[in-house]
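J.: Questions regarding the structure given below will be posed in turn.
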Amino acid sequence: MTAVATAELFGIDPLNVSDRYTAAQALGVVRDGIITGEGPTTRGRVHFSRTLDAADTAWCMGILTASAVDNQPISRAEAEALFEINDAAAERVDGGWFDDLFAKAVAHHAAAASGLPVPARSVALSPDVAIESWAPTQAVGVNTEVLEWISRQMRGTRRSNHTLMRLVATLVGVATLPLISQVPQIFDLGV
């Protein structure tokens, strides 16, 4: 589904999602559709409760890469909404597309929140672009608070994302080595 179709369904300007706040709200609607199997994101198709399918992932991609937000970093609210979608989906039938999108979006948020340069969302989140081509692979410059937040989010999730866990484990291992002996429970990634 395109960003334009996504925007039309939410009654927003058909050319784009207006800002990152609106994008986070739209992701909440996708989450609700996954939970209930009903709502605007499931209209016109069979959708089972607690199942994430390729159309749900397309909704997320369309929302996250809408033209109004494409050149802005993923916000904390958008990343939190993606964690909620990840938790809501007990079953996946999208061929792993959401897991890839989720890991890339969280890495995009972490890098940007740390003041590191990030590519446009349409590039960073593309299934054709490897996360390793743009995401930080070393903790130099990565904000420890952001990594702690991601670690807390991951600890509370029922479903693990191996790409995200590998990326965070690499960054956390390097960035917070002096803190591990002081606060080991923060960095329990459940690997």
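Scheme for the structure tokens: letters A, B, ... for chains in order shown; per-chain residue numbers from 1; ligand numbers from 1 in order shown.
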Please provide as a VMD selection string all residues within 8 Å of Glu38 (chain A), with the sequence filter that same-chain residues fewer than 5 positions apart are discarded (counting only C-alpha atoms).
T.: chain A and resid 32 to 33 43 47 49
J.: Would you write out those residues with all heavy atoms, as a PDB file, in the first residue's frame?
T.:
ATOM      1  N   ASP A  32      -4.050  -1.695  16.323  1.00  0.00           N
ATOM      2  CA  ASP A  32      -5.409  -2.062  16.708  1.00  0.00           C
ATOM      3  C   ASP A  32      -6.022  -3.054  15.728  1.00  0.00           C
ATOM      4  O   ASP A  32      -6.715  -3.987  16.136  1.00  0.00           O
ATOM      5  CB  ASP A  32      -6.285  -0.819  16.827  1.00  0.00           C
ATOM      6  CG  ASP A  32      -5.860   0.098  17.966  1.00  0.00           C
ATOM      7  OD1 ASP A  32      -5.044  -0.328  18.823  1.00  0.00           O
ATOM      8  OD2 ASP A  32      -6.337   1.250  17.989  1.00  0.00           O
ATOM      9  N   GLY A  33      -5.767  -2.867  14.448  1.00  0.00           N
ATOM     10  CA  GLY A  33      -6.262  -3.804  13.432  1.00  0.00           C
ATOM     11  C   GLY A  33      -5.653  -5.180  13.582  1.00  0.00           C
ATOM     12  O   GLY A  33      -6.325  -6.199  13.377  1.00  0.00           O
ATOM     13  N   ARG A  43      -9.926  -3.550   6.280  1.00  0.00           N
ATOM     14  CA  ARG A  43     -11.119  -3.470   5.430  1.00  0.00           C
ATOM     15  C   ARG A  43     -10.862  -4.113   4.065  1.00  0.00           C
ATOM     16  O   ARG A  43      -9.827  -3.893   3.449  1.00  0.00           O
ATOM     17  CB  ARG A  43     -11.503  -2.002   5.246  1.00  0.00           C
ATOM     18  CG  ARG A  43     -12.922  -1.822   4.775  1.00  0.00           C
ATOM     19  CD  ARG A  43     -13.360  -0.370   4.807  1.00  0.00           C
ATOM     20  NE  ARG A  43     -13.386   0.095   6.207  1.00  0.00           N
ATOM     21  CZ  ARG A  43     -12.998   1.306   6.582  1.00  0.00           C
ATOM     22  NH1 ARG A  43     -12.563   2.172   5.711  1.00  0.00           N
ATOM     23  NH2 ARG A  43     -13.066   1.665   7.851  1.00  0.00           N
ATOM     24  N   HIS A  47      -8.718 -10.935   7.810  1.00  0.00           N
ATOM     25  CA  HIS A  47      -7.596 -10.673   8.720  1.00  0.00           C
ATOM     26  C   HIS A  47      -7.901 -11.307  10.066  1.00  0.00           C
ATOM     27  O   HIS A  47      -8.904 -11.000  10.693  1.00  0.00           O
ATOM     28  CB  HIS A  47      -7.392  -9.164   8.897  1.00  0.00           C
ATOM     29  CG  HIS A  47      -6.113  -8.829   9.584  1.00  0.00           C
ATOM     30  ND1 HIS A  47      -5.903  -9.029  10.929  1.00  0.00           N
ATOM     31  CD2 HIS A  47      -4.967  -8.318   9.095  1.00  0.00           C
ATOM     32  CE1 HIS A  47      -4.676  -8.643  11.242  1.00  0.00           C
ATOM     33  NE2 HIS A  47      -4.090  -8.202  10.143  1.00  0.00           N
ATOM     34  N   SER A  49      -7.305 -12.090  14.022  1.00  0.00           N
ATOM     35  CA  SER A  49      -6.844 -11.391  15.208  1.00  0.00           C
ATOM     36  C   SER A  49      -5.448 -11.867  15.599  1.00  0.00           C
ATOM     37  O   SER A  49      -5.149 -13.052  15.537  1.00  0.00           O
ATOM     38  CB  SER A  49      -7.837 -11.659  16.351  1.00  0.00           C
ATOM     39  OG  SER A  49      -7.370 -11.111  17.545  1.00  0.00           O
TER      40      SER A  49
END
J.: Determine the nearest neighbour of Arg76 (chain A) from the options A:Phe48, A:Gly28, A:Ala112, A:Ile34, counting only C-alpha atoms.
T.: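 Nearest candidate to Arg76 (chain A) out of A:Phe48, A:Gly28, A:Ala112, A:Ile34: A:Ala112.
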J.: Calculate how many Å separate CA of Cys60 (chain A) from CA of Leu116 (chain A), rounding to one decimal.
T.: 23.8 Å
J.: Considering only C-alpha atoms, can you say which of A:Thr65, A:Thr42, A:Gln153, A:Thr144 comes closest to Val123 (chain A)?
T.: A:Thr65
J.: Which is closer to Pro136 (chain A) than all the others in A:Ala55, A:Ala111, A:Met61, A:Val17, using only C-alpha atoms?
T.: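 Closest to Pro136 (chain A), using only C-alpha atoms: A:Ala111.
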J.: Provide the CA of Ile131 (chain A) to CA of Leu101 (chain A) distance in Å, to one decimal place.
T.: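 Between these atoms lies a distance of 9.6 Å.
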J.: Would you kindly return, as a PyMOL selection string, each protein, DNA or RNA residue with an atom no farther than 12 Å from any atom of Ala105 (chain A), considering only C-alpha atoms and excluding same-chain residues fewer than 4 positions away?
T.: chain A and resi 60-61+63-65+70+72-83+98-101+109-112+118-127+131+134-135+150+163-164
